Structures are given as structure tokens and as C-alpha cells.
file input.txt (compact mmCIF, C-alpha atoms and all ligand atoms)
# COMPACT_ATOMS: atom_id res chain seq x y z
CA MET H 20 -5.35 5.89 5.32
CA SER H 21 -3.32 6.92 2.31
CA GLU H 22 -0.18 5.17 1.17
CA TYR H 23 2.30 6.03 -1.56
CA GLY H 24 3.56 3.81 -4.31
CA ILE H 25 4.66 3.57 -7.91
CA VAL H 26 2.73 2.23 -10.91
CA THR H 27 4.46 -0.88 -12.28
CA ARG H 28 2.02 -2.09 -14.93
CA ASN H 29 -1.38 -1.65 -16.44
CA ASP H 30 -3.92 -4.15 -17.64
CA GLY H 31 -7.26 -2.86 -18.75
CA PRO H 32 -8.77 -0.59 -16.13
CA ARG H 33 -6.35 -1.71 -13.44
CA PHE H 34 -2.97 -0.29 -12.52
CA TRP H 35 -0.60 -2.31 -10.42
CA VAL H 36 1.03 -0.28 -7.70
CA ASP H 37 4.15 -1.16 -5.74
CA VAL H 38 3.81 0.05 -2.16
CA ALA H 39 6.94 -0.71 -0.15
CA GLY H 40 7.64 -3.91 -2.04
CA GLU H 41 4.06 -5.17 -2.25
CA GLU H 42 2.38 -4.98 -5.68
CA PHE H 43 -1.38 -4.95 -5.93
CA PRO H 44 -4.04 -3.99 -8.51
CA CYS H 45 -5.77 -0.63 -8.15
CA VAL H 46 -8.56 1.20 -9.90
CA LEU H 47 -8.77 4.96 -10.42
CA ARG H 48 -10.91 7.14 -8.19
CA GLY H 49 -13.74 9.00 -9.93
CA ARG H 50 -12.07 12.29 -10.77
CA LEU H 51 -8.90 10.60 -11.99
CA LYS H 52 -10.92 8.22 -14.14
CA LYS H 53 -12.23 11.25 -16.03
CA GLU H 54 -8.69 12.56 -16.46
CA GLN H 55 -7.65 9.19 -17.84
CA LEU H 56 -10.50 9.26 -20.35
CA ARG H 57 -9.51 12.71 -21.53
CA GLU H 58 -5.81 11.95 -21.76
CA SER H 59 -4.90 8.32 -22.33
CA SER H 60 -1.45 8.66 -20.77
CA PHE H 61 -2.65 10.41 -17.65
CA LEU H 62 -1.28 7.43 -15.75
CA ALA H 63 1.77 5.50 -16.93
CA VAL H 64 4.18 3.05 -15.40
CA GLY H 65 6.61 4.93 -13.20
CA ASP H 66 3.99 7.37 -11.96
CA ARG H 67 4.09 8.06 -8.24
CA VAL H 68 0.62 7.76 -6.80
CA GLU H 69 -1.38 7.97 -3.61
CA VAL H 70 -3.52 4.90 -2.93
CA GLU H 71 -6.18 3.88 -0.48
CA ARG H 72 -6.70 0.22 0.32
CA LEU H 73 -10.14 -1.07 -0.44
CA PRO H 74 -11.94 -3.37 1.95
CA GLU H 75 -11.76 -7.05 1.02
CA GLY H 76 -13.78 -7.60 -2.17
CA GLY H 77 -14.58 -3.91 -2.41
CA GLY H 78 -13.15 -3.18 -5.83
CA GLY H 79 -15.53 -5.15 -8.01
CA ALA H 80 -16.42 -8.71 -8.81
CA GLY H 81 -14.34 -11.72 -9.77
CA SER H 82 -10.93 -11.49 -11.37
CA ASP H 83 -11.20 -7.73 -11.87
CA ARG H 84 -11.15 -7.17 -8.17
CA ALA H 85 -8.91 -4.34 -7.10
CA ALA H 86 -7.18 -4.11 -3.77
CA GLY H 87 -6.80 -0.35 -3.82
CA ALA H 88 -7.93 2.92 -5.35
CA ILE H 89 -5.56 5.52 -6.79
CA THR H 90 -6.54 8.90 -5.40
CA ALA H 91 -3.78 11.19 -6.69
CA ARG H 92 -0.79 11.33 -9.04
CA ALA H 93 2.39 13.27 -8.33
CA PRO H 94 3.87 15.60 -10.98
CA ARG H 95 6.30 13.78 -13.29
CA ARG H 96 10.04 14.40 -13.30
CA THR H 97 10.47 12.93 -16.78
CA GLU H 98 8.35 11.43 -19.55
CA LEU H 99 9.47 8.86 -22.06
CA SER H 100 6.97 9.30 -24.83
CA ARG H 101 6.36 8.70 -28.49
CA PRO H 102 3.81 10.20 -30.84
CA THR H 103 0.68 8.24 -31.66
CA SER H 104 -1.52 8.34 -34.71
CA PHE H 105 -4.47 9.31 -32.55
CA ARG H 106 -5.32 13.03 -32.56
CA GLY H 107 -1.69 14.00 -32.24
CA GLN H 108 -1.56 12.64 -28.71
CA VAL H 109 1.66 11.29 -27.33
CA HIS H 110 1.87 7.95 -25.63
CA VAL H 111 3.84 8.01 -22.41
CA MET H 112 5.75 4.74 -22.29
CA ALA H 113 7.12 5.42 -18.83
CA ALA H 114 7.19 8.29 -16.35
CA ASN H 115 9.96 9.31 -13.97
CA VAL H 116 12.68 7.33 -15.68
CA ASP H 117 16.00 8.45 -14.19
CA GLN H 118 18.38 7.03 -16.73
CA MET H 119 18.48 5.52 -20.18
CA VAL H 120 20.97 2.71 -20.52
CA HIS H 121 22.29 2.33 -24.03
CA VAL H 122 23.66 -1.15 -24.65
CA GLN H 123 26.08 -1.86 -27.46
CA ALA H 124 28.37 -4.77 -28.18
CA ALA H 125 32.15 -4.76 -28.57
CA ALA H 126 31.54 -7.07 -31.53
CA GLN H 127 28.63 -8.84 -33.24
CA PRO H 128 27.22 -6.29 -33.94
CA ALA H 129 30.12 -3.83 -34.22
CA PHE H 130 30.41 -0.84 -31.88
CA GLN H 131 29.14 2.48 -33.31
CA LEU H 132 30.16 5.65 -31.52
CA ARG H 133 27.73 7.73 -33.53
CA LEU H 134 24.81 5.66 -32.33
CA ALA H 135 25.86 6.22 -28.73
CA TYR H 136 25.82 9.98 -29.21
CA ARG H 137 22.38 9.90 -30.76
CA PHE H 138 21.10 7.86 -27.91
CA LEU H 139 22.63 10.14 -25.30
CA ALA H 140 21.04 13.11 -26.95
CA THR H 141 17.63 11.44 -26.80
CA ALA H 142 18.11 10.82 -23.10
CA ARG H 143 19.24 14.35 -22.43
CA ARG H 144 16.39 15.88 -24.33
CA GLY H 145 14.01 13.90 -22.16
CA GLY H 146 15.70 15.14 -18.99
CA MET H 147 17.19 11.73 -18.24
CA GLU H 148 20.74 10.66 -17.54
CA GLY H 149 22.53 8.60 -20.15
CA LEU H 150 24.64 5.55 -19.43
CA VAL H 151 26.52 3.55 -22.06
CA VAL H 152 27.17 -0.16 -21.64
CA VAL H 153 29.57 -1.95 -23.96
CA ASN H 154 28.75 -5.64 -23.65
CA LYS H 155 30.52 -8.69 -25.12
CA CYS H 156 33.87 -7.30 -23.99
CA ASP H 157 35.14 -10.87 -23.93
CA LEU H 158 35.25 -10.70 -27.74
CA GLN H 159 37.68 -7.77 -28.07
CA PRO H 160 40.94 -6.64 -26.41
CA GLU H 161 40.06 -4.09 -23.75
CA ALA H 162 42.64 -1.57 -25.06
CA VAL H 163 40.75 -1.48 -28.35
CA ILE H 164 37.41 -0.93 -26.62
CA GLN H 165 38.97 1.75 -24.45
CA SER H 166 40.09 3.67 -27.52
CA TRP H 167 36.54 3.65 -28.88
CA ILE H 168 35.00 4.98 -25.70
CA ASP H 169 37.69 7.57 -24.88
CA PRO H 170 35.69 10.44 -26.39
CA LEU H 171 32.62 9.48 -24.36
CA VAL H 172 34.58 9.27 -21.13
CA ALA H 173 36.28 12.59 -21.93
CA GLY H 174 32.82 14.10 -22.26
CA GLY H 175 31.82 12.89 -18.81
CA VAL H 176 29.56 10.06 -20.00
CA PRO H 177 29.48 7.07 -17.67
CA VAL H 178 30.53 3.94 -19.56
CA VAL H 179 30.53 0.38 -18.22
CA LEU H 180 32.35 -2.47 -19.96
CA THR H 181 30.55 -5.76 -19.43
CA SER H 182 30.37 -9.35 -20.49
CA ALA H 183 27.38 -11.54 -19.80
CA VAL H 184 29.71 -14.45 -20.54
CA ASP H 185 32.65 -13.84 -18.18
CA GLY H 186 30.79 -11.57 -15.75
CA ARG H 187 33.02 -8.51 -15.93
CA GLY H 188 31.40 -5.16 -15.15
CA LEU H 189 28.22 -6.70 -13.78
CA ASP H 190 28.78 -5.53 -10.19
CA GLU H 191 29.43 -2.01 -11.39
CA LEU H 192 26.37 -1.99 -13.62
CA ARG H 193 24.19 -3.39 -10.83
CA ARG H 194 25.39 -0.59 -8.59
CA LEU H 195 24.49 2.03 -11.19
CA LEU H 196 21.00 0.58 -11.61
CA THR H 197 20.18 0.22 -7.94
CA GLY H 198 17.80 2.75 -6.46
CA ARG H 199 16.85 4.32 -9.78
CA ILE H 200 14.37 3.78 -12.60
CA SER H 201 16.29 2.74 -15.70
CA VAL H 202 15.39 1.73 -19.19
CA LEU H 203 17.60 -0.51 -21.31
CA ALA H 204 17.78 0.00 -25.05
CA GLY H 205 20.00 -1.10 -27.87
CA LYS H 206 20.05 -2.99 -31.13
CA SER H 207 18.93 -6.56 -31.40
CA GLY H 208 21.67 -9.01 -30.51
CA VAL H 209 23.86 -6.76 -28.34
CA GLY H 210 22.96 -8.90 -25.33
CA LYS H 211 20.30 -6.99 -23.37
CA SER H 212 18.41 -10.12 -22.32
CA SER H 213 21.64 -11.95 -21.51
CA LEU H 214 22.79 -9.01 -19.39
CA VAL H 215 19.57 -8.82 -17.40
CA ASN H 216 19.64 -12.55 -16.80
CA ALA H 217 23.25 -12.36 -15.65
CA LEU H 218 22.57 -9.32 -13.45
CA TYR H 219 19.45 -10.73 -11.79
CA PRO H 220 19.48 -14.53 -12.00
CA GLU H 221 16.76 -14.64 -9.34
CA TRP H 222 14.27 -13.26 -11.85
CA GLN H 223 14.56 -16.30 -14.08
CA ALA H 224 13.75 -18.63 -11.25
CA ARG H 225 10.65 -16.66 -10.30
CA THR H 226 9.14 -16.46 -13.75
CA THR H 227 8.32 -19.98 -14.75
CA GLY H 228 7.46 -20.48 -18.37
CA VAL H 229 7.70 -16.91 -19.56
CA SER H 230 11.31 -15.88 -19.39
CA LEU H 231 11.57 -12.28 -18.33
CA TRP H 232 13.39 -10.09 -20.83
CA ASN H 233 13.66 -12.80 -23.36
CA ASN H 234 12.13 -10.30 -25.62
CA LYS H 235 12.24 -11.96 -28.99
CA GLY H 236 9.04 -11.14 -30.78
CA ARG H 237 8.27 -8.51 -28.19
CA HIS H 238 7.44 -5.99 -30.88
CA THR H 239 3.83 -7.06 -30.68
CA THR H 240 3.57 -6.09 -27.02
CA THR H 241 2.44 -2.57 -26.41
CA SER H 242 2.37 -2.18 -22.67
CA SER H 243 5.32 -1.21 -20.54
CA ARG H 244 6.22 -2.69 -17.23
CA LEU H 245 8.53 -1.87 -14.34
CA TYR H 246 10.44 -4.68 -12.67
CA PRO H 247 11.46 -3.98 -9.07
CA LEU H 248 15.20 -4.50 -8.53
CA PRO H 249 16.42 -6.60 -5.62
CA GLY H 250 18.28 -3.67 -4.05
CA GLY H 251 15.66 -0.99 -4.80
CA GLY H 252 14.82 0.85 -8.00
CA TYR H 253 13.27 -0.53 -11.18
CA LEU H 254 14.15 -1.70 -14.62
CA ALA H 255 11.60 -0.62 -17.20
CA ASP H 256 10.68 -2.87 -20.08
CA THR H 257 9.25 -0.48 -22.64
CA PRO H 258 8.33 -1.74 -26.10
CA GLY H 259 8.93 0.99 -28.65
CA ILE H 260 11.99 2.42 -26.96
CA ARG H 261 14.29 0.96 -29.59
CA GLU H 262 12.68 2.93 -32.37
CA LEU H 263 12.63 6.08 -30.30
CA ALA H 264 16.32 6.03 -29.56
CA LEU H 265 17.68 4.72 -32.80
CA PHE H 266 15.83 6.63 -35.45
CA ASP H 267 16.12 10.06 -34.00
CA ASP H 268 16.76 13.20 -35.96
CA ASP H 269 20.49 13.72 -36.43
CA GLN H 270 21.00 17.43 -36.32
CA GLU H 271 18.87 18.00 -33.28
CA ALA H 272 20.58 15.09 -31.62
CA VAL H 273 23.84 17.00 -31.37
CA SER H 274 22.39 19.70 -29.22
CA GLY H 275 23.21 19.39 -25.54
CA VAL H 276 25.73 16.60 -25.96
CA PHE H 277 28.63 18.86 -26.92
CA ASN H 278 28.18 21.69 -24.48
CA GLU H 279 31.78 22.89 -24.58
CA ILE H 280 31.66 23.03 -28.38
CA GLU H 281 28.40 24.96 -28.39
CA GLU H 282 29.84 27.44 -25.92
CA ALA H 283 32.93 28.04 -28.01
CA ALA H 284 30.81 28.30 -31.18
CA ALA H 285 29.22 31.47 -29.87
CA SER H 286 32.49 33.23 -30.80
CA CYS H 287 32.83 31.91 -34.35
CA ARG H 288 33.04 34.62 -37.03
CA PHE H 289 30.16 33.11 -39.03
CA ARG H 290 26.89 32.38 -37.37
CA ASP H 291 26.33 29.28 -39.55
CA CYS H 292 29.88 28.03 -39.00
CA THR H 293 30.10 24.23 -39.25
CA HIS H 294 33.46 24.30 -37.40
CA SER H 295 35.07 22.20 -40.09
CA HIS H 296 36.87 24.57 -42.51
CA GLU H 297 35.69 28.17 -41.96
CA PRO H 298 38.07 31.03 -41.10
CA GLY H 299 37.63 32.62 -37.70
CA CYS H 300 36.28 29.40 -36.16
CA ALA H 301 36.47 29.64 -32.38
CA VAL H 302 35.90 25.92 -31.99
CA LYS H 303 38.95 24.98 -34.07
CA ALA H 304 40.94 27.58 -32.14
CA ALA H 305 39.88 25.99 -28.84
CA VAL H 306 40.92 22.57 -30.12
CA ALA H 307 44.31 23.96 -31.17
CA ARG H 308 44.76 25.45 -27.67
CA GLY H 309 43.78 22.13 -26.10
CA ASP H 310 40.68 23.61 -24.41
CA ILE H 311 38.52 21.19 -26.37
CA SER H 312 39.86 17.65 -26.78
CA GLN H 313 40.67 16.41 -30.27
CA ASP H 314 38.58 13.28 -29.59
CA ARG H 315 35.50 15.29 -28.74
CA TYR H 316 35.98 17.50 -31.76
CA ASP H 317 36.36 14.48 -34.05
CA SER H 318 33.18 12.97 -32.61
CA PHE H 319 31.37 16.21 -33.13
CA LEU H 320 32.40 16.34 -36.80
CA LEU H 321 31.46 12.71 -37.25
CA LEU H 322 28.02 13.34 -35.88
CA THR H 323 27.33 16.56 -37.74
CA LYS H 324 28.63 15.41 -41.10
CA THR H 325 25.78 15.90 -43.51
CA THR H 326 26.81 13.32 -46.07
N1 LIG W 1 30.47 -13.51 -26.34
C1 LIG W 1 29.38 -12.96 -25.78
N2 LIG W 1 28.16 -13.23 -26.28
C2 LIG W 1 27.09 -12.67 -25.68
C3 LIG W 1 27.21 -11.80 -24.57
N3 LIG W 1 25.97 -11.37 -24.23
C4 LIG W 1 25.12 -11.96 -25.08
N4 LIG W 1 25.78 -12.74 -25.97
C5 LIG W 1 25.18 -13.52 -27.06
O1 LIG W 1 24.64 -12.62 -28.02
C6 LIG W 1 23.44 -13.12 -28.58
C7 LIG W 1 22.31 -12.10 -28.40
O2 LIG W 1 22.03 -11.92 -27.01
P1 LIG W 1 20.60 -11.43 -26.49
O3 LIG W 1 20.73 -11.31 -25.01
O4 LIG W 1 19.53 -12.31 -27.00
O5 LIG W 1 20.50 -10.00 -27.18
P2 LIG W 1 19.33 -8.90 -27.05
O6 LIG W 1 20.00 -7.58 -26.99
O7 LIG W 1 18.43 -9.24 -25.93
O8 LIG W 1 18.60 -9.04 -28.45
P3 LIG W 1 17.04 -8.73 -28.78
O9 LIG W 1 16.22 -9.42 -27.75
O10 LIG W 1 16.85 -9.30 -30.15
O11 LIG W 1 16.89 -7.25 -28.75
C8 LIG W 1 23.17 -14.44 -27.87
O12 LIG W 1 23.62 -15.50 -28.70
C9 LIG W 1 24.00 -14.35 -26.61
O13 LIG W 1 24.41 -15.62 -26.16
C10 LIG W 1 28.53 -11.52 -24.05
O14 LIG W 1 28.75 -10.76 -23.11
N5 LIG W 1 29.58 -12.12 -24.71
MG MG W 2 16.45 -9.64 -25.83
ZN ZN W 3 33.17 27.47 -35.91
call {"tool": "encode", "arguments": {"input": "input.txt", "output": "C-alpha cells"}}
result
Amino acid sequence: MSEYGIVTRNDGPRFWVDVAGEEFPCVLRGRLKKEQLRESSFLAVGDRVEVERLPEGGGGAGSDRAAGAITARAPRRTELSRPTSFRGQVHVMAANVDQMVHVQAAAQPAFQLRLAYRFLATARRGGMEGLVVVNKCDLQPEAVIQSWIDPLVAGGVPVVLTSAVDGRGLDELRRLLTGRISVLAGKSGVGKSSLVNALYPEWQARTTGVSLWNNKGRHTTTSSRLYPLPGGGYLADTPGIRELALFDDDQEAVSGVFNEIEEAAASCRFRDCTHSHEPGCAVKAAVARGDISQDRYDSFLLLTKTT
């Protein structure tokens, strides 16, 4: 009898699959094993798979014993990947991620709007939703934080203001994570580990010794893992995501994030208009009319500035 589940981690030849809340190790069925050999990221965490339970002790000897066999993989909705040095292949860090959660701090380190836009663009290019979390809101007056995030909110980006210290915003963030596959990313020190611990205190209790998400020195880890959320959905821990989101190409990053500006730009007199000083600029005209908000326009200029 076939069952359906989601791959949560990989060690060696085995893939752990979560079937209705139960995680167990599986091996690949013959044909899929060949696929995996041909393409190293044929299976990744987040993949939806069909599994068949193996009879007790049927998967092999000793500690490598598998409890199931993966017989099929569903097409992916999204792929979070990075290039590898091997034959130009890409490494899929996680499949079917619904949203990328960009964490920044209100202070220590300072908030950077530009970084948020770059991150959102990375998410959008990968077909994922983008969510911005401003943590450490206990360190800054909320009116100040609000003024920083106004352009994001005006652009329809969901933003949550949190503090792992005083607990604000945690219920809202938990709600936005529930039922979906999310990946958290942001600079070191913004409070990602603290947030996860505050959001899901039950995880700390369960993992004795190794503290989940206490990811100092995690750079050496290469494998991703999905953590099932108490209310459904998963949080993905994907080493390498930081680099992917933070060192992205600038110019390309703009595309897709400023849809209303791109639309207006189609009517600019010059095809290579930068919308900063040129005559006949339809974008500036739209800003003057109030069709495009001044905040969004300022953000756009900030992000496209070449110097
Ligand atoms: N005031 C305040 N401090 C916080 C908050 N969240 C985290 N911190 C502190 O910020 C520091 C960094 O927090 P971490 O959770 O380790 O940050 P991280 O993003 O996981 O950092 P890396 O693991 O290095 O990527 C710690 O000293 C935390 O105690 C918050 O909401 N308010
Ligand atoms: Mg951490
Ligand atoms: Zn223009």
C-alpha cells in the first residue's frame, strides 16, 4: 500500500520521510536510485514522495535498516538551489519551500532596507513568497521602525515586528509559519536562533545536548533539514542560504520587486532611462501624480544606484 509523505532529511543513502507526523528512514527504489546517481539533487528535503513500508528488517542490515522505500517523487513547486563546482550542477538545498523569511534586527546590527529588497527579489525569482521580520524591536521606538518599513508595507510585503526578549509579534509570526514550508535567513546576530527558540520552546526540551537552531559554527554542515512545526508545516534549516540571499546580483535583484515602476517605465522616452534625471520619464511623472508612492520610488533609486 502506498503512502505519501515529505522528505525531511538525508543521511547517506537514506532519506527520512514524514508521513502524517511519523518520520522514518527510507531507501530509493531501483529506478529512482539510478536517477539519483545521474542527478545528485534528484531528491532533496521538501520533496513530496510516495513510499511503501518495508516488512520488519526488510531494508538491509543493522543501523542502515530502512523502514520504507521511496517509489515516486512529485514535481516540485519551487527549488532553492545554489551552483556547485561539480560539472556545473546545481545543488538543491530544499524543494517546495513556500516562503523565505528574511530576519533583520531593529538594532545591533542596524536595519538595512536595501538588504530586504535584495532578499525579496531572491525569493521572488525562486517562485517563493517573501516575508520580512524585524526582530529586536525592544531596542528601538516602534514609530522609528515603522518609518523604515513603510516602503515595504506600501509595496504589499508582509512585515512582522518581533522581539525574542519581550515576545511581541511571536503569535503573528507563528501564524504565518504554520502550514507552510519556510526558510529563515538573515545576518549573523539578528536573532534567528533566539526567535526559533522563543517561537517553539518545545523543541529545546526535545533536543537534549544539541540545541536546535543554535547554529554557531553551522557553516561546516552541508545537509539541510526540515523541522515539522507543532501546528503543521515545516521550518527548513538550510546551510548556504545566507550566502545565496545576501550576495546576490544587484541589478537583477530589482526585477519583479517594483512591478508598478517597471510598468510605468514602459512609457519612458528613453529605453535606457534610469528614472532619476531624464526628460520624458514616465516613472517620475507617475510619482508626481501620486500613482507611484514617493517611498517606493526612493527605495527603487536606492537599490538601483550604481555607485
Ligand atoms: N534585545 C534583544 N536581543 C536579542 C533579541 N533576539 C536575540 N537577541 C540577542 O542577539 C544576539 C544574537 O542572537 P542569535 O539568536 O544568536 O542570532 P542569530 O541570528 O541566530 O545569529 P547566527 O546564529 O550567528 O546567525 C544574542 O545575544 C541574543 O540574546 C531580541 O529580540 N531583543
Ligand atoms: Mg543562530
Ligand atoms: Zn524613466
call {"tool": "residues_near_ligand", "arguments": {"input": "input.txt", "ligand": "ligand LIG 1 (chain W)", "cutoff": "9 Å", "atoms": "all atoms listed in the file", "output": "ChimeraX atom specification"}}
result
/H:122-127,153-158,181-187,204-216,232-237,261
call {"tool": "closest_atom_pairs", "arguments": {"input": "input.txt", "of": "chain H", "to": "ligand ZN 3 (chain W)", "cutoff": "9 Å", "atoms": "all atoms listed in the file", "output": "JSON lines"}}
result
{"residue": "H:Ile280", "atom": "CA", "partner": "W:ZN3", "partner_atom": "ZN", "distance": 8.9}
{"residue": "H:Ala283", "atom": "CA", "partner": "W:ZN3", "partner_atom": "ZN", "distance": 7.9}
{"residue": "H:Ala284", "atom": "CA", "partner": "W:ZN3", "partner_atom": "ZN", "distance": 5.4}
{"residue": "H:Ala285", "atom": "CA", "partner": "W:ZN3", "partner_atom": "ZN", "distance": 8.3}
{"residue": "H:Ser286", "atom": "CA", "partner": "W:ZN3", "partner_atom": "ZN", "distance": 7.7}
{"residue": "H:Cys287", "atom": "CA", "partner": "W:ZN3", "partner_atom": "ZN", "distance": 4.7}
{"residue": "H:Arg288", "atom": "CA", "partner": "W:ZN3", "partner_atom": "ZN", "distance": 7.2}
{"residue": "H:Phe289", "atom": "CA", "partner": "W:ZN3", "partner_atom": "ZN", "distance": 7.1}
{"residue": "H:Arg290", "atom": "CA", "partner": "W:ZN3", "partner_atom": "ZN", "distance": 8.1}
{"residue": "H:Asp291", "atom": "CA", "partner": "W:ZN3", "partner_atom": "ZN", "distance": 8.0}
{"residue": "H:Cys292", "atom": "CA", "partner": "W:ZN3", "partner_atom": "ZN", "distance": 4.5}
{"residue": "H:Thr293", "atom": "CA", "partner": "W:ZN3", "partner_atom": "ZN", "distance": 5.6}
{"residue": "H:His294", "atom": "CA", "partner": "W:ZN3", "partner_atom": "ZN", "distance": 3.5}
{"residue": "H:Ser295", "atom": "CA", "partner": "W:ZN3", "partner_atom": "ZN", "distance": 7.0}
{"residue": "H:His296", "atom": "CA", "partner": "W:ZN3", "partner_atom": "ZN", "distance": 8.1}
{"residue": "H:Glu297", "atom": "CA", "partner": "W:ZN3", "partner_atom": "ZN", "distance": 6.6}
{"residue": "H:Pro298", "atom": "CA", "partner": "W:ZN3", "partner_atom": "ZN", "distance": 8.0}
{"residue": "H:Gly299", "atom": "CA", "partner": "W:ZN3", "partner_atom": "ZN", "distance": 7.0}
{"residue": "H:Cys300", "atom": "CA", "partner": "W:ZN3", "partner_atom": "ZN", "distance": 3.7}
{"residue": "H:Ala301", "atom": "CA", "partner": "W:ZN3", "partner_atom": "ZN", "distance": 5.3}
{"residue": "H:Val302", "atom": "CA", "partner": "W:ZN3", "partner_atom": "ZN", "distance": 5.0}
{"residue": "H:Lys303", "atom": "CA", "partner": "W:ZN3", "partner_atom": "ZN", "distance": 6.6}
{"residue": "H:Ala304", "atom": "CA", "partner": "W:ZN3", "partner_atom": "ZN", "distance": 8.6}
call {"tool": "atom_distance", "arguments": {"input": "input.txt", "atom1": "atom CA of Gln165 of chain H", "atom2": "atom CA of Ala307 of chain H"}}
result
23.8 Å
call {"tool": "residues_around", "arguments": {"input": "input.txt", "residues": "Leu99 of chain H", "least_positions_apart": "2", "cutoff": "7 Å", "atoms": "only C-alpha atoms", "output": "number ranges by chain"}}
result
H: 97, 111-114, 145
call {"tool": "closest_residue", "arguments": {"input": "input.txt", "among": "H:Ser59, H:Thr323, H:Thr27, H:Asn278", "to": "Pro44 of chain H", "atoms": "only C-alpha atoms"}}
result
H:Thr27
call {"tool": "closest_residue", "arguments": {"input": "input.txt", "among": "H:Leu132, H:Ala39, H:Met147, H:Leu203", "to": "ligand MG 2 (chain W)", "atoms": "all atoms listed in the file"}}
result
H:Leu203
call {"tool": "atom_distance", "arguments": {"input": "input.txt", "atom1": "atom CA of His110 of chain H", "atom2": "atom CA of Phe61 of chain H"}}
result
9.5 Å
call {"tool": "atom_distance", "arguments": {"input": "input.txt", "atom1": "atom CA of Glu279 of chain H", "atom2": "atom CA of Phe319 of chain H"}}
result
10.9 Å
call {"tool": "closest_residue", "arguments": {"input": "input.txt", "among": "H:Gly175, H:Pro220, H:Gly198, H:Gly40", "to": "Gly252 of chain H", "atoms": "only C-alpha atoms"}}
result
H:Gly198
call {"tool": "closest_residue", "arguments": {"input": "input.txt", "among": "H:Gln313, H:Ile89, H:Ser60, H:Gly174", "to": "Pro102 of chain H", "atoms": "only C-alpha atoms"}}
result
H:Ser60
call {"tool": "closest_residue", "arguments": {"input": "input.txt", "among": "H:Ser243, H:Asn115, H:Ser318, H:Ser312", "to": "Arg28 of chain H", "atoms": "only C-alpha atoms"}}
result
H:Ser243
call {"tool": "closest_residue", "arguments": {"input": "input.txt", "among": "H:Arg194, H:Ala255, H:Lys52, H:Ala129", "to": "Trp167 of chain H", "atoms": "only C-alpha atoms"}}
result
H:Ala129
